[in-house]
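What's in coords-v1.pdb: PDB, C-alpha atoms, pLDDT in the B column
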ATOM      1  CA  MET A   1     135.070  10.027 -42.416  1.00 86.00           C
ATOM      2  CA  ALA A   2     138.730  10.998 -42.113  1.00 92.00           C
ATOM      3  CA  VAL A   3     141.230   8.961 -40.099  1.00 94.00           C
ATOM      4  CA  LEU A   4     143.543  11.202 -38.058  1.00 94.00           C
ATOM      5  CA  THR A   5     145.685   8.605 -36.283  1.00 95.00           C
ATOM      6  CA  SER A   6     145.807   4.890 -35.814  1.00 96.00           C
ATOM      7  CA  LEU A   7     147.849   3.105 -33.182  1.00 97.00           C
ATOM      8  CA  LYS A   8     148.076  -0.610 -32.401  1.00 98.00           C
ATOM      9  CA  VAL A   9     150.022  -1.745 -29.343  1.00 98.00           C
ATOM     10  CA  SER A  10     150.012  -4.635 -26.887  1.00 98.00           C
ATOM     11  CA  ALA A  11     147.297  -4.228 -24.242  1.00 98.00           C
ATOM     12  CA  LYS A  12     149.633  -3.396 -21.373  1.00 98.00           C
ATOM     13  CA  MET A  13     149.603  -0.647 -18.758  1.00 97.00           C
ATOM     14  CA  GLU A  14     153.037   0.539 -19.940  1.00 97.00           C
ATOM     15  CA  ASN A  15     151.411   1.601 -23.237  1.00 98.00           C
ATOM     16  CA  LEU A  16     148.591   3.615 -21.651  1.00 98.00           C
ATOM     17  CA  GLY A  17     150.572   6.878 -21.615  1.00 97.00           C
ATOM     18  CA  ARG A  18     151.368   6.596 -25.317  1.00 97.00           C
ATOM     19  CA  LEU A  19     147.750   5.938 -26.253  1.00 98.00           C
ATOM     20  CA  ILE A  20     146.438   8.822 -24.148  1.00 98.00           C
ATOM     21  CA  GLU A  21     149.043  11.200 -25.580  1.00 97.00           C
ATOM     22  CA  SER A  22     147.957  10.199 -29.060  1.00 97.00           C
ATOM     23  CA  VAL A  23     144.234  10.805 -28.482  1.00 98.00           C
ATOM     24  CA  SER A  24     144.988  13.987 -26.598  1.00 98.00           C
ATOM     25  CA  GLY A  25     147.183  15.350 -29.407  1.00 97.00           C
ATOM     26  CA  CYS A  26     144.452  14.560 -31.924  1.00 97.00           C
ATOM     27  CA  ALA A  27     141.776  16.315 -29.886  1.00 97.00           C
ATOM     28  CA  LYS A  28     144.008  19.349 -29.489  1.00 97.00           C
ATOM     29  CA  ALA A  29     144.671  19.516 -33.227  1.00 96.00           C
ATOM     30  CA  GLN A  30     140.903  19.406 -33.767  1.00 96.00           C
ATOM     31  CA  GLY A  31     140.528  22.548 -31.669  1.00 96.00           C
ATOM     32  CA  PHE A  32     139.068  21.133 -28.462  1.00 97.00           C
ATOM     33  CA  ASP A  33     139.733  23.273 -25.370  1.00 96.00           C
ATOM     34  CA  GLN A  34     141.618  21.912 -22.357  1.00 95.00           C
ATOM     35  CA  GLU A  35     138.453  21.151 -20.391  1.00 94.00           C
ATOM     36  CA  ARG A  36     137.023  18.958 -23.137  1.00 97.00           C
ATOM     37  CA  ILE A  37     140.426  17.369 -23.863  1.00 97.00           C
ATOM     38  CA  SER A  38     140.426  16.202 -20.230  1.00 97.00           C
ATOM     39  CA  LYS A  39     137.015  14.608 -20.774  1.00 97.00           C
ATOM     40  CA  ILE A  40     138.234  12.836 -23.899  1.00 98.00           C
ATOM     41  CA  GLU A  41     141.364  11.617 -22.073  1.00 98.00           C
ATOM     42  CA  LEU A  42     139.245  10.315 -19.207  1.00 98.00           C
ATOM     43  CA  ALA A  43     136.838   8.403 -21.463  1.00 98.00           C
ATOM     44  CA  ALA A  44     139.741   6.924 -23.437  1.00 98.00           C
ATOM     45  CA  GLU A  45     141.678   5.955 -20.296  1.00 98.00           C
ATOM     46  CA  GLU A  46     138.683   4.191 -18.760  1.00 98.00           C
ATOM     47  CA  ALA A  47     138.012   2.243 -21.967  1.00 98.00           C
ATOM     48  CA  LEU A  48     141.675   1.289 -22.418  1.00 98.00           C
ATOM     49  CA  VAL A  49     142.305   0.336 -18.775  1.00 97.00           C
ATOM     50  CA  ASN A  50     139.276  -1.921 -18.914  1.00 96.00           C
ATOM     51  CA  ILE A  51     140.745  -3.737 -21.910  1.00 98.00           C
ATOM     52  CA  ILE A  52     144.227  -3.893 -20.342  1.00 97.00           C
ATOM     53  CA  HIS A  53     142.779  -5.443 -17.155  1.00 96.00           C
ATOM     54  CA  TYR A  54     140.073  -7.745 -18.457  1.00 96.00           C
ATOM     55  CA  ALA A  55     140.127  -8.416 -22.211  1.00 97.00           C
ATOM     56  CA  TYR A  56     142.899 -11.000 -22.198  1.00 98.00           C
ATOM     57  CA  PRO A  57     142.682 -13.165 -19.055  1.00 97.00           C
ATOM     58  CA  GLU A  58     144.618 -16.065 -20.563  1.00 95.00           C
ATOM     59  CA  ARG A  59     146.906 -14.706 -23.225  1.00 96.00           C
ATOM     60  CA  PRO A  60     148.473 -11.373 -24.157  1.00 97.00           C
ATOM     61  CA  GLY A  61     146.782  -9.368 -26.915  1.00 98.00           C
ATOM     62  CA  ASP A  62     146.632  -6.061 -28.722  1.00 98.00           C
ATOM     63  CA  VAL A  63     144.548  -2.940 -28.539  1.00 98.00           C
ATOM     64  CA  GLU A  64     144.046  -0.629 -31.468  1.00 98.00           C
ATOM     65  CA  MET A  65     142.917   2.964 -31.254  1.00 98.00           C
ATOM     66  CA  ILE A  66     141.753   4.951 -34.281  1.00 98.00           C
ATOM     67  CA  CYS A  67     140.898   8.664 -34.074  1.00 98.00           C
ATOM     68  CA  GLN A  68     138.604  10.033 -36.745  1.00 97.00           C
ATOM     69  CA  VAL A  69     136.499  13.072 -37.617  1.00 97.00           C
ATOM     70  CA  ASP A  70     133.186  12.892 -39.380  1.00 96.00           C
ATOM     71  CA  ARG A  71     130.704  15.727 -39.921  1.00 93.00           C
ATOM     72  CA  GLY A  72     131.635  17.714 -36.836  1.00 94.00           C
ATOM     73  CA  ARG A  73     132.086  14.674 -34.633  1.00 97.00           C
ATOM     74  CA  PHE A  74     135.332  13.439 -33.063  1.00 98.00           C
ATOM     75  CA  ILE A  75     135.270   9.647 -33.040  1.00 98.00           C
ATOM     76  CA  ILE A  76     137.582   7.290 -31.142  1.00 98.00           C
ATOM     77  CA  GLU A  77     137.378   3.650 -32.104  1.00 98.00           C
ATOM     78  CA  ILE A  78     138.980   1.185 -29.693  1.00 98.00           C
ATOM     79  CA  ILE A  79     139.370  -2.382 -30.856  1.00 98.00           C
ATOM     80  CA  ASP A  80     140.511  -5.545 -29.074  1.00 98.00           C
ATOM     81  CA  SER A  81     140.281  -9.245 -29.884  1.00 98.00           C
ATOM     82  CA  GLY A  82     139.745 -10.362 -26.305  1.00 98.00           C
ATOM     83  CA  ILE A  83     136.719 -11.861 -24.572  1.00 97.00           C
ATOM     84  CA  PRO A  84     133.368 -10.323 -25.569  1.00 97.00           C
ATOM     85  CA  PHE A  85     132.384  -7.441 -23.333  1.00 96.00           C
ATOM     86  CA  ASP A  86     129.616  -4.950 -24.007  1.00 96.00           C
ATOM     87  CA  VAL A  87     130.319  -1.912 -21.824  1.00 94.00           C
ATOM     88  CA  THR A  88     127.066  -0.281 -22.925  1.00 94.00           C
ATOM     89  CA  ALA A  89     125.124  -3.126 -21.259  1.00 94.00           C
ATOM     90  CA  THR A  90     126.568  -2.603 -17.774  1.00 92.00           C
ATOM     91  CA  PRO A  91     124.352  -0.946 -15.150  1.00 91.00           C
ATOM     92  CA  ASP A  92     125.412   2.425 -13.750  1.00 91.00           C
ATOM     93  CA  PRO A  93     126.836   2.399 -10.211  1.00 92.00           C
ATOM     94  CA  ASP A  94     124.926   3.920  -7.286  1.00 91.00           C
ATOM     95  CA  VAL A  95     126.657   7.293  -6.948  1.00 91.00           C
ATOM     96  CA  THR A  96     124.700   8.156  -3.803  1.00 91.00           C
ATOM     97  CA  ALA A  97     126.082   5.263  -1.715  1.00 89.00           C
ATOM     98  CA  GLY A  98     128.292   5.948   1.329  1.00 87.00           C
ATOM     99  CA  ILE A  99     131.934   4.855   1.756  1.00 81.00           C
ATOM    100  CA  GLN A 100     131.273   1.435   3.241  1.00 81.00           C
ATOM    101  CA  GLU A 101     128.625   0.515   0.656  1.00 84.00           C
ATOM    102  CA  ARG A 102     130.853   1.537  -2.227  1.00 84.00           C
ATOM    103  CA  GLU A 103     132.383  -1.272  -4.204  1.00 75.00           C
ATOM    104  CA  PRO A 104     135.483  -0.600  -6.249  1.00 70.00           C
ATOM    105  CA  GLY A 105     134.812  -0.724  -9.973  1.00 72.00           C
ATOM    106  CA  GLY A 106     131.933   0.292 -12.183  1.00 85.00           C
ATOM    107  CA  LEU A 107     132.859   3.956 -12.062  1.00 94.00           C
ATOM    108  CA  GLY A 108     135.215   3.826 -15.043  1.00 95.00           C
ATOM    109  CA  ILE A 109     132.542   2.766 -17.529  1.00 95.00           C
ATOM    110  CA  PHE A 110     130.138   5.269 -15.989  1.00 96.00           C
ATOM    111  CA  PHE A 111     132.679   8.095 -16.516  1.00 97.00           C
ATOM    112  CA  MET A 112     133.171   7.003 -20.106  1.00 97.00           C
ATOM    113  CA  LYS A 113     129.428   7.280 -20.788  1.00 96.00           C
ATOM    114  CA  LYS A 114     129.167  10.609 -18.951  1.00 96.00           C
ATOM    115  CA  MET A 115     132.120  12.254 -20.755  1.00 97.00           C
ATOM    116  CA  MET A 116     131.054  11.281 -24.260  1.00 98.00           C
ATOM    117  CA  ASP A 117     127.970  12.246 -26.248  1.00 98.00           C
ATOM    118  CA  GLU A 118     127.587   8.681 -27.435  1.00 98.00           C
ATOM    119  CA  VAL A 119     129.159   5.280 -26.725  1.00 98.00           C
ATOM    120  CA  ARG A 120     128.548   2.368 -29.104  1.00 98.00           C
ATOM    121  CA  TYR A 121     129.615  -1.244 -28.959  1.00 98.00           C
ATOM    122  CA  ARG A 122     129.657  -4.004 -31.507  1.00 98.00           C
ATOM    123  CA  ARG A 123     131.201  -7.455 -31.747  1.00 98.00           C
ATOM    124  CA  GLU A 124     132.594  -8.112 -35.194  1.00 98.00           C
ATOM    125  CA  ASN A 125     134.884 -10.895 -36.450  1.00 98.00           C
ATOM    126  CA  ASP A 126     135.734 -11.924 -32.869  1.00 97.00           C
ATOM    127  CA  ARG A 127     136.692  -8.373 -31.991  1.00 98.00           C
ATOM    128  CA  ASN A 128     135.202  -5.883 -29.544  1.00 98.00           C
ATOM    129  CA  ILE A 129     134.721  -2.529 -31.250  1.00 98.00           C
ATOM    130  CA  LEU A 130     133.991   0.349 -28.939  1.00 98.00           C
ATOM    131  CA  THR A 131     133.138   3.718 -30.448  1.00 98.00           C
ATOM    132  CA  LEU A 132     133.355   6.909 -28.389  1.00 98.00           C
ATOM    133  CA  ILE A 133     131.769   9.970 -29.984  1.00 98.00           C
ATOM    134  CA  ILE A 134     131.934  13.621 -28.952  1.00 98.00           C
ATOM    135  CA  GLN A 135     130.567  16.583 -30.901  1.00 97.00           C
ATOM    136  CA  LYS A 136     133.155  19.187 -31.910  1.00 94.00           C
ATOM    137  CA  ARG A 137     130.596  22.036 -31.533  1.00 81.00           C
TER     138      ARG A 137
ATOM    139  CA  MET B   1     152.699  12.599 -11.019  1.00 95.00           C
ATOM    140  CA  LYS B   2     154.601  14.045  -8.079  1.00 97.00           C
ATOM    141  CA  ILE B   3     153.670  13.372  -4.455  1.00 97.00           C
ATOM    142  CA  HIS B   4     154.781  15.651  -1.658  1.00 97.00           C
ATOM    143  CA  ALA B   5     153.877  14.618   1.875  1.00 97.00           C
ATOM    144  CA  ILE B   6     154.495  16.421   5.157  1.00 97.00           C
ATOM    145  CA  LYS B   7     153.200  15.932   8.662  1.00 96.00           C
ATOM    146  CA  GLU B   8     151.261  18.937   9.962  1.00 95.00           C
ATOM    147  CA  GLY B   9     149.758  18.619  13.420  1.00 91.00           C
ATOM    148  CA  ASN B  10     147.498  15.623  13.455  1.00 89.00           C
ATOM    149  CA  ALA B  11     147.543  14.889   9.745  1.00 95.00           C
ATOM    150  CA  ILE B  12     149.689  13.999   6.785  1.00 98.00           C
ATOM    151  CA  VAL B  13     149.217  16.637   4.122  1.00 98.00           C
ATOM    152  CA  MET B  14     149.745  14.955   0.779  1.00 98.00           C
ATOM    153  CA  SER B  15     149.987  17.281  -2.208  1.00 98.00           C
ATOM    154  CA  LEU B  16     149.616  15.730  -5.629  1.00 98.00           C
ATOM    155  CA  LYS B  17     150.918  17.357  -8.788  1.00 98.00           C
ATOM    156  CA  GLY B  18     150.129  16.289 -12.350  1.00 97.00           C
ATOM    157  CA  ARG B  19     147.991  13.346 -13.333  1.00 97.00           C
ATOM    158  CA  LEU B  20     146.529  10.679 -11.064  1.00 98.00           C
ATOM    159  CA  ASP B  21     145.795   8.074 -13.753  1.00 97.00           C
ATOM    160  CA  ALA B  22     145.759   4.271 -13.718  1.00 97.00           C
ATOM    161  CA  VAL B  23     149.567   4.194 -13.880  1.00 96.00           C
ATOM    162  CA  ALA B  24     150.170   6.714 -11.071  1.00 97.00           C
ATOM    163  CA  SER B  25     147.445   5.398  -8.749  1.00 96.00           C
ATOM    164  CA  SER B  26     149.412   2.365  -7.572  1.00 94.00           C
ATOM    165  CA  GLU B  27     152.341   4.586  -6.538  1.00 95.00           C
ATOM    166  CA  PHE B  28     149.884   6.886  -4.760  1.00 97.00           C
ATOM    167  CA  GLU B  29     148.215   4.014  -2.901  1.00 96.00           C
ATOM    168  CA  THR B  30     151.593   2.581  -1.882  1.00 96.00           C
ATOM    169  CA  SER B  31     152.555   5.952  -0.466  1.00 96.00           C
ATOM    170  CA  LEU B  32     149.353   6.114   1.600  1.00 96.00           C
ATOM    171  CA  VAL B  33     149.821   2.540   2.844  1.00 95.00           C
ATOM    172  CA  ASP B  34     153.403   3.360   3.894  1.00 96.00           C
ATOM    173  CA  TRP B  35     152.205   6.244   6.057  1.00 96.00           C
ATOM    174  CA  ILE B  36     149.423   4.104   7.567  1.00 96.00           C
ATOM    175  CA  SER B  37     151.937   1.390   8.466  1.00 95.00           C
ATOM    176  CA  LYS B  38     153.906   4.074  10.335  1.00 95.00           C
ATOM    177  CA  GLY B  39     150.818   4.729  12.427  1.00 95.00           C
ATOM    178  CA  GLU B  40     149.403   7.740  10.595  1.00 96.00           C
ATOM    179  CA  ASN B  41     145.654   7.987  10.613  1.00 94.00           C
ATOM    180  CA  ASN B  42     144.504  11.272   9.080  1.00 96.00           C
ATOM    181  CA  PHE B  43     145.264  12.440   5.574  1.00 98.00           C
ATOM    182  CA  LEU B  44     144.589  15.740   3.913  1.00 98.00           C
ATOM    183  CA  LEU B  45     144.849  15.294   0.165  1.00 98.00           C
ATOM    184  CA  ASN B  46     145.674  18.600  -1.491  1.00 98.00           C
ATOM    185  CA  PHE B  47     144.628  18.593  -5.152  1.00 98.00           C
ATOM    186  CA  THR B  48     145.469  22.231  -5.924  1.00 98.00           C
ATOM    187  CA  GLU B  49     148.104  21.174  -8.475  1.00 98.00           C
ATOM    188  CA  LEU B  50     146.362  18.009  -9.667  1.00 98.00           C
ATOM    189  CA  GLU B  51     145.242  18.361 -13.273  1.00 97.00           C
ATOM    190  CA  TYR B  52     143.547  15.036 -13.869  1.00 97.00           C
ATOM    191  CA  ILE B  53     142.093  12.044 -12.031  1.00 98.00           C
ATOM    192  CA  SER B  54     140.484   8.852 -13.339  1.00 97.00           C
ATOM    193  CA  SER B  55     138.458   6.093 -11.650  1.00 97.00           C
ATOM    194  CA  ALA B  56     141.716   4.342 -10.714  1.00 97.00           C
ATOM    195  CA  GLY B  57     142.643   7.340  -8.544  1.00 97.00           C
ATOM    196  CA  LEU B  58     139.220   7.308  -6.892  1.00 96.00           C
ATOM    197  CA  ARG B  59     139.560   3.588  -6.268  1.00 95.00           C
ATOM    198  CA  SER B  60     142.839   4.176  -4.391  1.00 95.00           C
ATOM    199  CA  ILE B  61     141.197   6.846  -2.245  1.00 96.00           C
ATOM    200  CA  LEU B  62     138.205   4.602  -1.527  1.00 94.00           C
ATOM    201  CA  ALA B  63     140.363   1.571  -0.674  1.00 93.00           C
ATOM    202  CA  THR B  64     142.506   3.648   1.700  1.00 95.00           C
ATOM    203  CA  SER B  65     139.460   5.199   3.284  1.00 94.00           C
ATOM    204  CA  LYS B  66     137.957   1.774   4.007  1.00 92.00           C
ATOM    205  CA  LYS B  67     141.278   0.673   5.509  1.00 92.00           C
ATOM    206  CA  LEU B  68     141.336   3.759   7.747  1.00 94.00           C
ATOM    207  CA  LYS B  69     137.847   2.998   9.070  1.00 90.00           C
ATOM    208  CA  GLU B  70     139.348   0.237  11.259  1.00 88.00           C
ATOM    209  CA  THR B  71     141.506   2.758  13.088  1.00 89.00           C
ATOM    210  CA  GLN B  72     138.990   5.634  13.053  1.00 91.00           C
ATOM    211  CA  GLY B  73     141.185   7.445  10.564  1.00 94.00           C
ATOM    212  CA  LYS B  74     139.953   9.709   7.810  1.00 94.00           C
ATOM    213  CA  ILE B  75     140.738  11.257   4.459  1.00 97.00           C
ATOM    214  CA  PHE B  76     140.014  14.958   3.927  1.00 97.00           C
ATOM    215  CA  LEU B  77     140.216  16.838   0.664  1.00 98.00           C
ATOM    216  CA  THR B  78     141.158  20.317  -0.463  1.00 98.00           C
ATOM    217  CA  GLY B  79     142.026  22.098  -3.708  1.00 98.00           C
ATOM    218  CA  LEU B  80     139.304  20.480  -5.824  1.00 98.00           C
ATOM    219  CA  HIS B  81     138.989  22.321  -9.134  1.00 97.00           C
ATOM    220  CA  GLY B  82     138.402  21.877 -12.868  1.00 95.00           C
ATOM    221  CA  PRO B  83     138.274  18.331 -14.259  1.00 95.00           C
ATOM    222  CA  VAL B  84     139.247  16.837 -10.888  1.00 97.00           C
ATOM    223  CA  GLU B  85     136.287  18.483  -9.167  1.00 97.00           C
ATOM    224  CA  GLU B  86     134.027  17.349 -12.013  1.00 96.00           C
ATOM    225  CA  VAL B  87     135.055  13.705 -11.480  1.00 97.00           C
ATOM    226  CA  PHE B  88     134.376  14.009  -7.731  1.00 97.00           C
ATOM    227  CA  LYS B  89     130.940  15.472  -8.463  1.00 97.00           C
ATOM    228  CA  ILE B  90     129.888  12.922 -11.095  1.00 96.00           C
ATOM    229  CA  SER B  91     130.988   9.972  -8.945  1.00 96.00           C
ATOM    230  CA  GLY B  92     129.263  11.318  -5.827  1.00 95.00           C
ATOM    231  CA  PHE B  93     132.633  11.152  -4.011  1.00 95.00           C
ATOM    232  CA  ILE B  94     132.278  14.840  -3.209  1.00 95.00           C
ATOM    233  CA  SER B  95     129.558  13.999  -0.685  1.00 93.00           C
ATOM    234  CA  ILE B  96     131.319  11.046   0.977  1.00 92.00           C
ATOM    235  CA  PHE B  97     134.464  13.002   1.897  1.00 95.00           C
ATOM    236  CA  ARG B  98     134.860  16.266   3.765  1.00 95.00           C
ATOM    237  CA  VAL B  99     136.036  18.921   1.348  1.00 97.00           C
ATOM    238  CA  PHE B 100     137.712  22.098   2.606  1.00 97.00           C
ATOM    239  CA  ALA B 101     138.236  25.399   0.801  1.00 96.00           C
ATOM    240  CA  SER B 102     141.889  25.536   1.879  1.00 96.00           C
ATOM    241  CA  ALA B 103     144.543  23.434   3.602  1.00 95.00           C
ATOM    242  CA  GLU B 104     144.642  25.969   6.443  1.00 94.00           C
ATOM    243  CA  ALA B 105     140.906  25.658   7.054  1.00 94.00           C
ATOM    244  CA  ALA B 106     141.163  21.866   7.008  1.00 95.00           C
ATOM    245  CA  LEU B 107     144.068  21.695   9.467  1.00 94.00           C
ATOM    246  CA  LYS B 108     142.141  23.747  12.021  1.00 92.00           C
ATOM    247  CA  GLU B 109     139.515  21.015  12.169  1.00 89.00           C
ATOM    248  CA  ILE B 110     141.515  17.802  11.839  1.00 87.00           C
TER     249      ILE B 110
END
File written out as structure tokens:
Amino acid sequence: MAVLTSLKVSAKMENLGRLIESVSGCAKAQGFDQERISKIELAAEEALVNIIHYAYPERPGDVEMICQVDRGRFIIEIIDSGIPFDVTATPDPDVTAGIQEREPGGLGIFFMKKMMDEVRYRRENDRNILTLIIQKR
Amino acid sequence: MKIHAIKEGNAIVMSLKGRLDAVASSEFETSLVDWISKGENNFLLNFTELEYISSAGLRSILATSKKLKETQGKIFLTGLHGPVEEVFKISGFISIFRVFASAEAALKEI
């Protein structure tokens, strides 16, 4: 496992651009084409926005993003010390529903799962550790 | 992201350029709400120059669309391509909005 970049910032919307640029730059350096870079950016944005909105309801906190490669896999680890939340346990939204039946929300996590080959979650030392994995091919 | 809006016939044609992410979506929604408060009812969103959209962008479109229901207004789409089209397909949004091949074709019907 080789760490490419590691970035720890406060979990605020103003830092989203910086985090996405970082993951995007990493993916590009690893030889991903533009289409797959967009998928990686989307998965990362959805994971990060979720943390920015919901991880710290009562106090400000940090989010850490580590990009790694391991045996042909590009791995993004996203860590926060907010309230426990297992994204992998959430049900998928009904994507066949009409406009009026649609509720906002739920789509972000669904996109994250769809864009990546694998999404893992674990709670460790009071931290949420989300792992997004995509094969380099 | 850049937003360019112009009134054409019965609709506001809103062309988006760049990235409609969680940061840009609030600006986008504000722009739509401004037009609605001026009495506009139909919107053609032109995504020809949009490179990227996330769930936050879809949420803005959905929220506006629900708002427009009260006044029989509608959102129409054109210029779907690449990653943006993919997001519309995966979310099923492609089947809840009318999608046109070109702005010209859309304006004939709105």
What residues come out when you apply the PyMOL selection byres ((chain B) within 6 of (chain A)) to this file, written as a list in words? Ser55, Arg59, Ser91, Gly92 and Ile96 of chain B
Written as a VMD selection string, what is the full residue list that the PyMOL selection byres ((chain B and resi 76) around 9) yields on the file shown? chain B and resid 42 to 46 74 to 75 77 to 78 97 to 100 106 110
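For B:Trp35, the non-local neighbours within 12 Å, defined as residues at least 4 positions apart in the same chain or in other chains and counting all atoms listed in the file, are Ala5, Ile6, Lys7, Ala11, Ile12, Val13, Met14, Phe28, Glu29, Thr30, Ser31, Gly39, Glu40, Asn41, Asn42, Phe43, Thr64, Leu68 and Gly73 of chain B.
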Just the selected residues (C-alpha atoms), exported as a PDB file, in the coordinates of the input, please.
ATOM      1  CA  ALA B   5     153.877  14.618   1.875  1.00 97.00           C
ATOM      2  CA  ILE B   6     154.495  16.421   5.157  1.00 97.00           C
ATOM      3  CA  LYS B   7     153.200  15.932   8.662  1.00 96.00           C
ATOM      4  CA  ALA B  11     147.543  14.889   9.745  1.00 95.00           C
ATOM      5  CA  ILE B  12     149.689  13.999   6.785  1.00 98.00           C
ATOM      6  CA  VAL B  13     149.217  16.637   4.122  1.00 98.00           C
ATOM      7  CA  MET B  14     149.745  14.955   0.779  1.00 98.00           C
ATOM      8  CA  PHE B  28     149.884   6.886  -4.760  1.00 97.00           C
ATOM      9  CA  GLU B  29     148.215   4.014  -2.901  1.00 96.00           C
ATOM     10  CA  THR B  30     151.593   2.581  -1.882  1.00 96.00           C
ATOM     11  CA  SER B  31     152.555   5.952  -0.466  1.00 96.00           C
ATOM     12  CA  GLY B  39     150.818   4.729  12.427  1.00 95.00           C
ATOM     13  CA  GLU B  40     149.403   7.740  10.595  1.00 96.00           C
ATOM     14  CA  ASN B  41     145.654   7.987  10.613  1.00 94.00           C
ATOM     15  CA  ASN B  42     144.504  11.272   9.080  1.00 96.00           C
ATOM     16  CA  PHE B  43     145.264  12.440   5.574  1.00 98.00           C
ATOM     17  CA  THR B  64     142.506   3.648   1.700  1.00 95.00           C
ATOM     18  CA  LEU B  68     141.336   3.759   7.747  1.00 94.00           C
ATOM     19  CA  GLY B  73     141.185   7.445  10.564  1.00 94.00           C
TER      20      GLY B  73
END
Where does the PyMOL selection byres ((chain A and resi 80-86) around 6) land in this file, that is, which residues does it pick, as an mmCIF file with C-alpha atoms, in the frame of the given file?
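The new file selection.cif reads:
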data_model
loop_
_atom_site.group_PDB
_atom_site.id
_atom_site.type_symbol
_atom_site.label_atom_id
_atom_site.label_comp_id
_atom_site.auth_asym_id
_atom_site.auth_seq_id
_atom_site.Cartn_x
_atom_site.Cartn_y
_atom_site.Cartn_z
ATOM 1 C CA ALA A 55 140.127 -8.416 -22.211
ATOM 2 C CA TYR A 56 142.899 -11.000 -22.198
ATOM 3 C CA VAL A 63 144.548 -2.940 -28.539
ATOM 4 C CA ILE A 79 139.370 -2.382 -30.856
ATOM 5 C CA VAL A 87 130.319 -1.912 -21.824
ATOM 6 C CA THR A 88 127.066 -0.281 -22.925
ATOM 7 C CA ALA A 89 125.124 -3.126 -21.259
ATOM 8 C CA ARG A 127 136.692 -8.373 -31.991
ATOM 9 C CA ASN A 128 135.202 -5.883 -29.544
#
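Across the structure, atom CA of A:Ser24 and atom CA of A:Tyr54 are spaced 23.7 Å apart.
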Kindly reconstruct stretch 54-68 of chain B with N, CA and C atoms and present the result as a short mmCIF file (atom, residue, chain, number, x, y, z; two decimals), in the frame of the given file.
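Written out: part_25.cif:
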data_model
loop_
_atom_site.label_atom_id
_atom_site.label_comp_id
_atom_site.auth_asym_id
_atom_site.auth_seq_id
_atom_site.Cartn_x
_atom_site.Cartn_y
_atom_site.Cartn_z
N SER B 54 141.39 9.81 -12.71
CA SER B 54 140.48 8.85 -13.34
C SER B 54 139.90 7.94 -12.25
N SER B 55 139.10 6.97 -12.64
CA SER B 55 138.46 6.09 -11.65
C SER B 55 139.49 5.31 -10.84
N ALA B 56 140.66 5.06 -11.43
CA ALA B 56 141.72 4.34 -10.71
C ALA B 56 142.18 5.15 -9.50
N GLY B 57 142.27 6.46 -9.65
CA GLY B 57 142.64 7.34 -8.54
C GLY B 57 141.58 7.31 -7.46
N LEU B 58 140.32 7.37 -7.86
CA LEU B 58 139.22 7.31 -6.89
C LEU B 58 139.22 5.98 -6.15
N ARG B 59 139.52 4.91 -6.88
CA ARG B 59 139.56 3.59 -6.27
C ARG B 59 140.61 3.53 -5.16
N SER B 60 141.77 4.14 -5.41
CA SER B 60 142.84 4.18 -4.39
C SER B 60 142.38 4.93 -3.14
N ILE B 61 141.68 6.04 -3.37
CA ILE B 61 141.20 6.85 -2.24
C ILE B 61 140.15 6.06 -1.46
N LEU B 62 139.26 5.39 -2.18
CA LEU B 62 138.21 4.60 -1.53
C LEU B 62 138.79 3.44 -0.73
N ALA B 63 139.75 2.72 -1.34
CA ALA B 63 140.36 1.57 -0.67
C ALA B 63 141.07 2.01 0.60
N THR B 64 141.79 3.14 0.53
CA THR B 64 142.51 3.65 1.70
C THR B 64 141.52 4.09 2.78
N SER B 65 140.47 4.72 2.36
CA SER B 65 139.46 5.20 3.28
C SER B 65 138.81 4.05 4.05
N LYS B 66 138.54 2.96 3.36
CA LYS B 66 137.96 1.77 4.01
C LYS B 66 138.94 1.18 5.02
N LYS B 67 140.22 1.17 4.63
CA LYS B 67 141.28 0.67 5.51
C LYS B 67 141.35 1.51 6.78
N LEU B 68 141.22 2.83 6.62
CA LEU B 68 141.34 3.76 7.75
C LEU B 68 140.16 3.66 8.72
#
